[in-house]
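As provided, input11.txt (compact mmCIF, C-alpha atoms and all ligand atoms) reads as follows.
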```txt
# COMPACT_ATOMS: atom_id res chain seq x y z
CA MET A 331 21.48 -30.57 53.67
CA LYS A 332 17.86 -29.37 53.66
CA GLU A 333 18.98 -25.75 53.66
CA LEU A 334 21.32 -26.42 50.74
CA ILE A 335 18.55 -28.12 48.73
CA ASP A 336 16.32 -25.09 49.35
CA PHE A 337 19.04 -22.81 47.93
CA ILE A 338 19.42 -25.09 44.89
CA LYS A 339 15.64 -24.89 44.34
CA LYS A 340 15.86 -21.12 44.48
CA ALA A 341 18.69 -21.06 41.92
CA VAL A 342 16.92 -23.32 39.43
CA ILE A 343 13.70 -21.28 39.63
CA GLU A 344 15.77 -18.19 38.81
CA ILE A 345 17.53 -19.93 35.89
CA SER A 346 14.19 -21.16 34.57
CA LYS A 347 12.96 -17.55 34.48
CA GLU A 348 16.17 -16.44 32.76
CA LEU A 349 15.70 -19.09 30.05
CA LYS A 350 12.39 -17.52 29.01
CA ASN A 351 14.55 -14.72 27.61
CA PRO A 352 15.31 -15.90 24.04
CA ASP A 353 18.79 -14.35 23.75
CA THR A 354 21.06 -17.27 22.73
CA SER A 355 23.88 -15.33 21.10
CA TYR A 356 27.43 -16.44 21.82
CA SER A 357 29.71 -14.83 24.40
CA SER A 358 33.37 -14.37 23.51
CA THR A 359 34.83 -16.47 26.35
CA GLU A 360 35.63 -20.18 26.36
CA ASN A 361 35.26 -22.49 29.37
CA ALA A 362 37.96 -24.77 30.85
CA THR A 363 37.35 -27.58 28.35
CA GLY A 364 37.37 -25.19 25.38
CA ASP A 365 33.62 -25.15 24.68
CA LYS A 366 32.20 -21.90 23.42
CA GLN A 367 30.02 -20.53 26.19
CA LEU A 368 26.56 -19.27 25.44
CA LYS A 369 25.45 -16.24 27.36
CA LEU A 370 22.87 -18.34 29.15
CA ASP A 371 25.59 -20.70 30.44
CA VAL A 372 27.36 -17.71 31.89
CA LYS A 373 24.18 -16.28 33.39
CA SER A 374 23.19 -19.63 34.88
CA ASP A 375 26.65 -20.00 36.39
CA LEU A 376 26.41 -16.52 37.90
CA ILE A 377 22.97 -17.24 39.36
CA ILE A 378 24.15 -20.47 41.01
CA THR A 379 27.33 -18.89 42.37
CA ASP A 380 25.38 -15.96 43.70
CA VAL A 381 22.60 -18.01 45.35
CA LEU A 382 24.68 -20.91 46.72
CA SER A 383 27.45 -18.74 48.14
CA LYS A 384 24.83 -17.37 50.56
CA CYS A 385 24.16 -20.86 51.96
CA LYS A 386 25.94 -21.52 55.28
CA GLU A 387 26.36 -25.22 54.41
CA VAL A 388 28.55 -24.52 51.36
CA LYS A 389 32.31 -24.92 51.77
CA ALA A 390 33.21 -24.48 48.09
CA LEU A 391 31.79 -24.47 44.58
CA ILE A 392 33.18 -26.21 41.49
CA SER A 393 31.59 -25.16 38.21
CA GLU A 394 31.90 -26.59 34.72
CA GLU A 395 32.25 -23.00 33.59
CA LYS A 396 35.15 -22.12 35.92
CA ASP A 397 38.75 -23.36 35.83
CA GLU A 398 39.30 -23.28 39.59
CA ILE A 399 37.44 -24.21 42.76
CA LEU A 400 35.72 -21.26 44.47
CA ASN A 401 36.23 -21.40 48.24
CA ILE A 402 33.32 -19.99 50.23
CA ASN A 403 33.48 -21.05 53.90
CA ASP A 404 36.18 -23.32 55.32
CA LYS A 405 34.06 -24.36 58.28
CA ALA A 406 31.14 -25.58 56.18
CA LYS A 407 30.56 -29.19 55.17
CA PHE A 408 29.59 -29.45 51.51
CA ILE A 409 31.36 -28.90 48.22
CA VAL A 410 28.86 -28.46 45.39
CA ALA A 411 30.09 -29.31 41.89
CA TYR A 412 27.67 -28.29 39.16
CA ASP A 413 27.02 -28.02 35.46
CA PRO A 414 24.94 -24.82 35.31
CA LEU A 415 23.30 -25.58 31.95
CA ASP A 416 23.78 -29.04 30.51
CA GLY A 417 22.87 -29.36 26.83
CA SER A 418 23.16 -25.63 26.19
CA SER A 419 23.91 -26.22 22.47
CA LEU A 420 20.21 -27.17 22.23
CA LEU A 421 18.91 -23.81 23.45
CA ASP A 422 18.53 -22.49 19.91
CA VAL A 423 16.20 -25.38 19.00
CA ASN A 424 14.20 -25.03 22.25
CA PHE A 425 14.88 -28.57 23.50
CA SER A 426 14.90 -29.35 27.22
CA VAL A 427 18.11 -28.60 29.09
CA GLY A 428 18.97 -28.85 32.78
CA SER A 429 21.31 -28.04 35.66
CA ILE A 430 23.21 -30.80 37.48
CA PHE A 431 24.47 -30.61 41.08
CA ALA A 432 26.73 -33.05 42.97
CA ILE A 433 26.92 -32.58 46.76
CA TYR A 434 30.21 -33.85 48.19
CA GLU A 435 31.12 -33.90 51.88
CA GLN A 436 34.51 -32.21 52.57
CA GLU A 437 36.26 -33.55 49.44
CA ALA A 438 35.09 -33.73 45.84
CA ASN A 439 35.40 -37.44 45.04
CA ALA A 440 32.82 -40.14 44.31
CA LYS A 441 33.19 -41.80 47.72
CA ASN A 442 32.15 -38.54 49.42
CA LEU A 443 29.10 -37.97 47.23
CA LYS A 444 26.15 -37.60 49.62
CA ALA A 445 23.36 -36.40 47.36
CA ALA A 446 22.68 -35.25 43.82
CA VAL A 447 20.10 -33.05 42.16
CA TYR A 448 19.19 -32.09 38.63
CA SER A 449 16.59 -29.78 37.15
CA ILE A 450 14.87 -30.06 33.79
CA TYR A 451 13.83 -26.85 32.04
CA GLY A 452 11.18 -28.26 29.73
CA PRO A 453 7.50 -27.45 29.25
CA ARG A 454 7.47 -27.76 33.08
CA LEU A 455 10.20 -27.11 35.63
CA GLU A 456 11.09 -30.42 37.27
CA LEU A 457 13.65 -31.33 39.88
CA VAL A 458 15.04 -34.74 40.77
CA PHE A 459 16.66 -35.22 44.16
CA ALA A 460 18.56 -38.34 45.21
CA TYR A 461 19.66 -39.05 48.75
CA ASP A 462 18.59 -42.49 49.96
CA LYS A 463 15.94 -42.73 47.23
CA VAL A 464 15.19 -40.73 44.09
CA GLU A 465 12.23 -38.38 44.00
CA LEU A 466 10.73 -36.31 41.18
CA PHE A 467 9.28 -32.87 42.01
CA ARG A 468 7.43 -30.42 39.79
CA LEU A 469 7.01 -26.67 40.28
CA ASP A 470 3.36 -25.86 40.99
CA LYS A 471 1.36 -22.64 40.51
CA ASP A 472 2.50 -21.35 43.92
CA GLU A 473 6.17 -21.72 42.88
CA GLN A 474 6.63 -24.69 45.22
CA PHE A 475 8.20 -27.99 44.22
CA ALA A 476 5.52 -30.63 44.78
CA LEU A 477 6.41 -34.32 44.98
CA VAL A 478 5.28 -36.24 41.89
CA LYS A 479 6.65 -39.73 42.55
CA GLU A 480 9.62 -41.85 43.42
CA LEU A 481 11.71 -42.85 40.37
CA LYS A 482 12.74 -46.49 40.07
CA MET A 483 14.57 -48.30 37.29
CA SER A 484 13.26 -51.65 36.08
CA GLN A 485 15.56 -54.59 35.25
CA LYS A 486 15.38 -53.97 31.49
CA GLY A 487 14.25 -51.08 29.30
CA LYS A 488 13.59 -50.24 25.66
CA ILE A 489 15.57 -47.02 25.11
CA ASN A 490 19.04 -46.86 23.53
CA ALA A 491 20.79 -43.45 23.66
CA SER A 492 24.43 -43.21 22.63
CA GLY A 493 26.41 -39.99 22.19
CA GLY A 494 29.49 -39.18 20.13
CA THR A 495 30.04 -39.36 16.39
CA GLN A 496 29.33 -42.91 15.21
CA ARG A 497 32.24 -42.85 12.75
CA ASP A 498 34.57 -42.38 15.74
CA TRP A 499 33.17 -45.18 17.92
CA SER A 500 35.23 -48.33 18.55
CA LYS A 501 34.09 -51.55 16.88
CA THR A 502 33.20 -52.88 20.35
CA HIS A 503 30.86 -49.96 20.97
CA SER A 504 29.33 -50.03 17.47
CA ASP A 505 28.65 -53.77 17.74
CA PHE A 506 27.15 -53.36 21.22
CA ILE A 507 24.80 -50.54 20.16
CA LYS A 508 23.75 -52.47 17.03
CA SER A 509 23.04 -55.60 19.09
CA LEU A 510 20.57 -53.59 21.24
CA PHE A 511 18.78 -52.27 18.14
CA ASP A 512 18.67 -55.84 16.79
CA GLU A 513 16.88 -56.81 20.02
CA GLY A 514 14.22 -54.14 19.41
CA TYR A 515 15.55 -51.14 21.36
CA ARG A 516 14.49 -47.67 20.15
CA LEU A 517 16.79 -44.70 19.58
CA ARG A 518 16.00 -41.79 21.89
CA TYR A 519 18.78 -39.17 21.98
CA SER A 520 18.35 -35.41 22.28
CA GLY A 521 21.95 -34.33 22.94
CA ALA A 522 21.39 -33.14 26.51
CA MET A 523 22.64 -35.83 28.85
CA VAL A 524 20.44 -34.65 31.69
CA SER A 525 17.26 -34.82 29.58
CA ASP A 526 18.23 -38.13 27.97
CA ILE A 527 18.86 -39.76 31.36
CA HIS A 528 15.68 -38.15 32.73
CA GLN A 529 13.72 -39.87 29.98
CA ILE A 530 15.27 -43.24 30.86
CA LEU A 531 14.54 -42.70 34.59
CA CYS A 532 10.94 -41.61 33.97
CA LYS A 533 10.25 -44.45 31.53
CA GLY A 534 11.89 -46.87 33.97
CA GLY A 535 14.78 -48.25 31.94
CA GLY A 536 17.12 -48.34 28.96
CA ILE A 537 20.72 -47.26 28.47
CA PHE A 538 22.54 -43.95 27.98
CA SER A 539 26.13 -44.17 26.69
CA TYR A 540 28.86 -41.66 26.06
CA PRO A 541 31.77 -43.84 24.92
CA ALA A 542 35.44 -43.20 24.27
CA THR A 543 35.89 -41.99 20.69
CA LYS A 544 38.92 -41.67 18.41
CA ASN A 545 39.18 -37.94 19.14
CA ALA A 546 38.28 -38.21 22.82
CA PRO A 547 39.70 -41.45 24.26
CA ASN A 548 38.51 -40.38 27.75
CA GLY A 549 35.03 -39.53 26.52
CA LYS A 550 33.43 -36.10 26.66
CA LEU A 551 31.43 -35.96 29.87
CA ARG A 552 32.98 -34.56 33.02
CA ALA A 553 33.28 -36.75 36.11
CA LEU A 554 32.69 -34.32 38.98
CA PHE A 555 29.65 -32.42 37.72
CA GLU A 556 28.02 -34.66 35.11
CA VAL A 557 29.02 -38.32 35.43
CA PHE A 558 29.20 -38.82 39.23
CA PRO A 559 25.93 -37.06 40.14
CA LEU A 560 23.96 -38.83 37.39
CA ALA A 561 25.58 -42.17 38.30
CA PHE A 562 24.57 -41.61 41.94
CA ILE A 563 20.97 -40.83 40.90
CA VAL A 564 20.66 -43.79 38.51
CA GLN A 565 22.11 -46.20 41.09
CA LYS A 566 19.88 -44.90 43.93
CA ALA A 567 16.94 -45.54 41.58
CA GLY A 568 18.05 -49.17 41.27
CA GLY A 569 19.96 -48.80 38.01
CA PHE A 570 23.59 -49.57 37.21
CA THR A 571 26.60 -47.74 35.75
CA SER A 572 30.03 -48.53 34.34
CA ASP A 573 32.85 -47.09 32.26
CA GLY A 574 32.86 -50.41 30.40
CA PHE A 575 35.36 -52.04 32.73
CA ASN A 576 34.64 -51.02 36.34
CA ASP A 577 31.54 -52.29 38.15
CA THR A 578 30.35 -48.76 38.85
CA LEU A 579 31.35 -45.28 37.71
CA LEU A 580 31.48 -44.33 41.40
CA ASP A 581 34.65 -46.47 41.78
CA LEU A 582 36.61 -44.04 39.58
CA THR A 583 38.98 -41.38 40.95
CA PHE A 584 40.38 -38.32 39.17
CA LYS A 585 42.81 -35.56 40.11
CA ASP A 586 41.79 -32.97 37.53
CA LEU A 587 38.60 -31.02 38.35
CA HIS A 588 37.57 -31.18 34.70
CA ALA A 589 38.51 -34.84 34.03
CA THR A 590 36.26 -36.76 31.65
CA THR A 591 35.42 -40.45 31.38
CA PRO A 592 33.54 -42.82 29.07
CA CYS A 593 30.26 -43.55 30.84
CA PHE A 594 27.23 -45.84 30.68
CA PHE A 595 24.05 -45.59 32.77
CA GLY A 596 21.12 -47.99 32.58
CA SER A 597 19.07 -50.92 33.76
CA LYS A 598 20.66 -54.13 34.98
CA TYR A 599 20.18 -56.03 31.73
CA GLU A 600 21.83 -53.42 29.50
CA ILE A 601 24.77 -52.69 31.82
CA ASP A 602 25.49 -56.42 32.30
CA LYS A 603 25.44 -56.83 28.51
CA LEU A 604 27.69 -53.79 28.11
CA LYS A 605 30.28 -55.15 30.55
CA ASP A 606 30.26 -58.52 28.79
CA ALA A 607 30.82 -56.78 25.44
CA TYR A 608 33.58 -54.45 26.68
CA ARG A 609 35.42 -57.09 28.74
CA ALA A 610 35.35 -59.77 26.01
P1 LIG A 701 27.58 -29.36 27.58
O1 LIG A 701 27.72 -29.51 29.07
O2 LIG A 701 28.55 -28.37 27.00
O3 LIG A 701 26.17 -29.10 27.17
O4 LIG A 701 28.08 -30.74 26.89
C1 LIG A 701 27.63 -31.96 27.38
C2 LIG A 701 26.60 -32.53 26.42
C3 LIG A 701 25.80 -33.61 27.09
O5 LIG A 701 24.65 -33.09 27.65
C4 LIG A 701 25.47 -34.51 25.93
O6 LIG A 701 25.26 -35.83 26.34
C5 LIG A 701 26.67 -34.39 25.06
O7 LIG A 701 27.26 -33.15 25.35
C6 LIG A 701 26.29 -34.44 23.61
O8 LIG A 701 27.42 -34.55 22.84
P2 LIG A 701 27.36 -35.10 21.32
O9 LIG A 701 26.68 -34.02 20.57
O10 LIG A 701 28.80 -35.28 20.98
O11 LIG A 701 26.58 -36.39 21.32
MG MG A 702 27.09 -30.61 30.50
```

What do you get writing this file as structure tokens?
Amino acid sequence: MKELIDFIKKAVIEISKELKNPDTSYSSTENATGDKQLKLDVKSDLIITDVLSKCKEVKALISEEKDEILNINDKAKFIVAYDPLDGSSLLDVNFSVGSIFAIYEQEANAKNLKAAVYSIYGPRLELVFAYDKVELFRLDKDEQFALVKELKMSQKGKINASGGTQRDWSKTHSDFIKSLFDEGYRLRYSGAMVSDIHQILCKGGGIFSYPATKNAPNGKLRALFEVFPLAFIVQKAGGFTSDGFNDTLLDLTFKDLHATTPCFFGSKYEIDKLKDAYRA
């Protein structure tokens, strides 16, 4: 595992350097879920494939930007599923984006998730690694990731971040989100899931939602490389997750590599309230 994490660090440092190049013009290809790929998504995907395929611990790679699994070494232990550049539609406005990695042992399903990592390309390059606990690292002047602190969620937060077009939310979701604002929660939503959840983790609490909508009854966010790794990280930090009905997102199973699910990540108070609202 340590070797694999070192390769991931190498890849994110390379992506961070690539992002300094301001070319955000569109490429002509579309990814598996039909999103228009930006050139930087493609470059980030290439960097990760290139770097991680040299790691002896990697059995296969699953990328948000590729339709199929990429087999690397049958004898190795870990399948890495990743979103090379989450929030890439925000590149043109220079908001923080990130890369998300889920590390599965032998099979890519939530039960086999052993660790998760994400990077944040903001004013600083930061990396969050969850195994038995969740730790925040920051790149220092010597290009080394130095430990900043352990991240822990409190029982209740102040941040309310919900994605999707409000017009297309269910009444249940609209009422739930409004009830949090009525309690004094503040809206904090950038449009990059990884940065929005990073804010909640660093501030110690709150809720991030991406609900089912009229157009996308299974939500927008992808289970294997967005939802499961961030659920693992939030839960290891003492937070909670749900799809509205199940007690944790990590109870869900999917056959399709690119399956999506409604998802909620937060402190105990907000997720308990969410489950009460959705199950009523
Ligand atoms: P991406 O992986 O193509 O960037 O899409 C995922 C992003 C998430 O980071 C974010 O939470 C969501 O899409 C935002 O969607 P919306 O604009 O519908 O709220
Ligand atoms: Mg994404």

Contacts with ligand MG 702 (chain A) at most 7 Å, only C-alpha atoms and all ligand atoms counted, listed as a ChimeraX atom specification: /A:413,415-417,551,556

Polymer residues at most 8 Å from Ile527 of chain A, all atoms listed in the file, same-chain spacing of 6 or more positions, as a list in words: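 So the residues in contact are Phe538, Leu560 and Phe595 of chain A.
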
Within 10 Å of ligand LIG 701 (chain A) (all atoms listed in the file), residues as number ranges by chain: A: 361, 363-368, 371, 394-395, 413-421, 427-430, 491-496, 519-527, 538-541, 543, 549-552, 555-556

Pick from A:Phe584, A:Phe570, A:Tyr412, A:Phe562, whichever lies nearest to Val464 of chain A using all atoms listed in the file: A:Phe562

All residues 7 Å or closer to segment 333-340 of chain A, all atoms listed in the file, same chain fewer than 6 positions away omitted, as a ChimeraX atom specification: /A:381-382,385,387

Among listed residues A:Ile377, A:Val410, A:Val423, A:Ala589, nearest Ala446 of chain A (using only C-alpha atoms):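 Selected residue with least distance to Ala446 of chain A: A:Val410.
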
Distance in Å - atom CA of Ile343 of chain A versus atom CA of Gly568 of chain A: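 Between these atoms lies a distance of 28.3 Å.
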
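Take atom CA of Asp573 of chain A and atom CA of Tyr608 of chain A: the distance between them is 9.3 Å.
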
Nearby residues (all atoms listed in the file) at most 10 Å from Ala438 of chain A, same-chain spacing under 4 positions excluded, as a ChimeraX atom specification: /A:390-392,408-411,432-434,442-443,554-555,583-585,587

Selected residue of minimal separation from Asp606 of chain A among A:Pro453, A:Gly574, A:Pro592, A:Pro547, counting all atoms listed in the file: A:Gly574

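Remark: for Asn439 of chain A, the closest of the candidate residues A:Glu348, A:Glu398, A:Glu480, A:Asp586 is A:Asp586 (distances computed over all atoms listed in the file).
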
Long-range neighbours of Lys508 of chain A as a list in words, 12 Å cut-off, all atoms listed in the file, 6 positions minimum in chain: Asn490, Ala491, Ser492, Gln496, Trp499, Lys501, Thr502, Gly514, Tyr515, Arg516, Leu517, Leu604 and Ala607 of chain A

Exercise: Ile601 of chain A partners within 12 Å, only C-alpha atoms, chain neighbours under 3 positions left out, as JSON, numbers by chain: {"A": [485, 486, 487, 490, 506, 507, 510, 535, 536, 537, 538, 539, 564, 565, 569, 570, 571, 572, 573, 574, 575, 576, 577, 578, 579, 593, 594, 595, 596, 597, 598, 604, 605, 606, 607, 608, 609]}

Atomic separation - atom CA of Ser500 of chain A relative to atom CA of Ala542 of chain A, Å: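 Between atom CA of Ala542 of chain A and atom CA of Ser500 of chain A the gap is 7.7 Å.
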
Nearest-residue call for Asp375 of chain A, choices A:Tyr461, A:Phe431, A:Phe425, A:Tyr599, using all atoms listed in the file: A:Phe431

For Arg468 of chain A, the nearest of the candidates A:Ser449, A:Leu481, A:Asn545, A:Thr379, counting only C-alpha atoms: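 Result for the nearest residue to Arg468 of chain A: A:Ser449.
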
Where atoms are absent from segment 568-579 of chain A, fill them in so it carries all heavy atoms, then output it as a CSV table (one decimal), keeping the file's coordinate frame.
```
chain,number,residue,atom,x,y,z
A,568,GLY,N,18.0,-47.7,41.5
A,568,GLY,CA,18.0,-49.2,41.3
A,568,GLY,C,18.7,-49.5,39.9
A,568,GLY,O,18.7,-50.7,39.5
A,569,GLY,N,19.3,-48.5,39.3
A,569,GLY,CA,20.0,-48.8,38.0
A,569,GLY,C,21.4,-49.1,38.2
A,569,GLY,O,21.9,-49.2,39.4
A,570,PHE,N,22.2,-49.2,37.1
A,570,PHE,CA,23.6,-49.6,37.2
A,570,PHE,C,24.4,-48.7,36.3
A,570,PHE,O,23.9,-48.0,35.4
A,570,PHE,CB,23.8,-51.0,36.8
A,570,PHE,CG,23.1,-52.0,37.8
A,570,PHE,CD1,21.8,-52.2,37.8
A,570,PHE,CD2,23.9,-52.6,38.7
A,570,PHE,CE1,21.2,-53.0,38.7
A,570,PHE,CE2,23.3,-53.4,39.7
A,570,PHE,CZ,21.9,-53.6,39.7
A,571,THR,N,25.7,-48.6,36.6
A,571,THR,CA,26.6,-47.7,35.8
A,571,THR,C,27.9,-48.4,35.6
A,571,THR,O,28.3,-49.3,36.3
A,571,THR,CB,26.9,-46.4,36.4
A,571,THR,OG1,27.7,-46.6,37.6
A,571,THR,CG2,25.6,-45.6,36.8
A,572,SER,N,28.7,-48.0,34.6
A,572,SER,CA,30.0,-48.5,34.3
A,572,SER,C,30.8,-47.6,33.4
A,572,SER,O,30.1,-46.8,32.7
A,572,SER,CB,29.9,-49.9,33.7
A,572,SER,OG,31.2,-50.5,33.5
A,573,ASP,N,32.1,-47.8,33.3
A,573,ASP,CA,32.8,-47.1,32.3
A,573,ASP,C,33.2,-48.1,31.2
A,573,ASP,O,34.0,-47.9,30.3
A,573,ASP,CB,34.1,-46.4,32.8
A,573,ASP,CG,35.1,-47.5,33.4
A,573,ASP,OD1,34.6,-48.6,33.6
A,573,ASP,OD2,36.2,-47.1,33.7
A,574,GLY,N,32.6,-49.3,31.3
A,574,GLY,CA,32.9,-50.4,30.4
A,574,GLY,C,33.7,-51.5,31.1
A,574,GLY,O,33.6,-52.7,30.8
A,575,PHE,N,34.5,-51.1,32.1
A,575,PHE,CA,35.4,-52.0,32.7
A,575,PHE,C,35.1,-52.1,34.2
A,575,PHE,O,35.0,-53.2,34.8
A,575,PHE,CB,36.8,-51.6,32.5
A,575,PHE,CG,37.1,-51.5,31.0
A,575,PHE,CD1,37.1,-50.3,30.3
A,575,PHE,CD2,37.2,-52.7,30.2
A,575,PHE,CE1,37.3,-50.2,29.0
A,575,PHE,CE2,37.4,-52.6,28.8
A,575,PHE,CZ,37.4,-51.4,28.2
A,576,ASN,N,34.9,-51.0,34.9
A,576,ASN,CA,34.6,-51.0,36.3
A,576,ASN,C,33.2,-51.3,36.6
A,576,ASN,O,32.3,-51.1,35.8
A,576,ASN,CB,35.0,-49.7,37.0
A,576,ASN,CG,36.5,-49.5,37.1
A,576,ASN,OD1,37.1,-50.0,38.0
A,576,ASN,ND2,37.1,-48.8,36.1
A,577,ASP,N,32.9,-51.9,37.8
A,577,ASP,CA,31.5,-52.3,38.2
A,577,ASP,C,30.6,-51.1,38.4
A,577,ASP,O,29.4,-51.2,38.3
A,577,ASP,CB,31.6,-53.2,39.4
A,577,ASP,CG,31.9,-54.6,39.0
A,577,ASP,OD1,31.6,-55.0,37.8
A,577,ASP,OD2,32.4,-55.4,39.8
A,578,THR,N,31.2,-50.0,38.7
A,578,THR,CA,30.4,-48.8,38.8
A,578,THR,C,31.2,-47.5,38.6
A,578,THR,O,32.4,-47.5,38.8
A,578,THR,CB,29.7,-48.6,40.3
A,578,THR,OG1,29.5,-47.2,40.5
A,578,THR,CG2,30.4,-49.3,41.4
A,579,LEU,N,30.6,-46.5,38.0
A,579,LEU,CA,31.4,-45.3,37.7
A,579,LEU,C,31.8,-44.6,39.0
A,579,LEU,O,32.8,-43.9,39.0
A,579,LEU,CB,30.4,-44.3,37.0
A,579,LEU,CG,30.2,-44.6,35.5
A,579,LEU,CD1,29.0,-43.9,35.0
A,579,LEU,CD2,31.4,-44.3,34.6
```
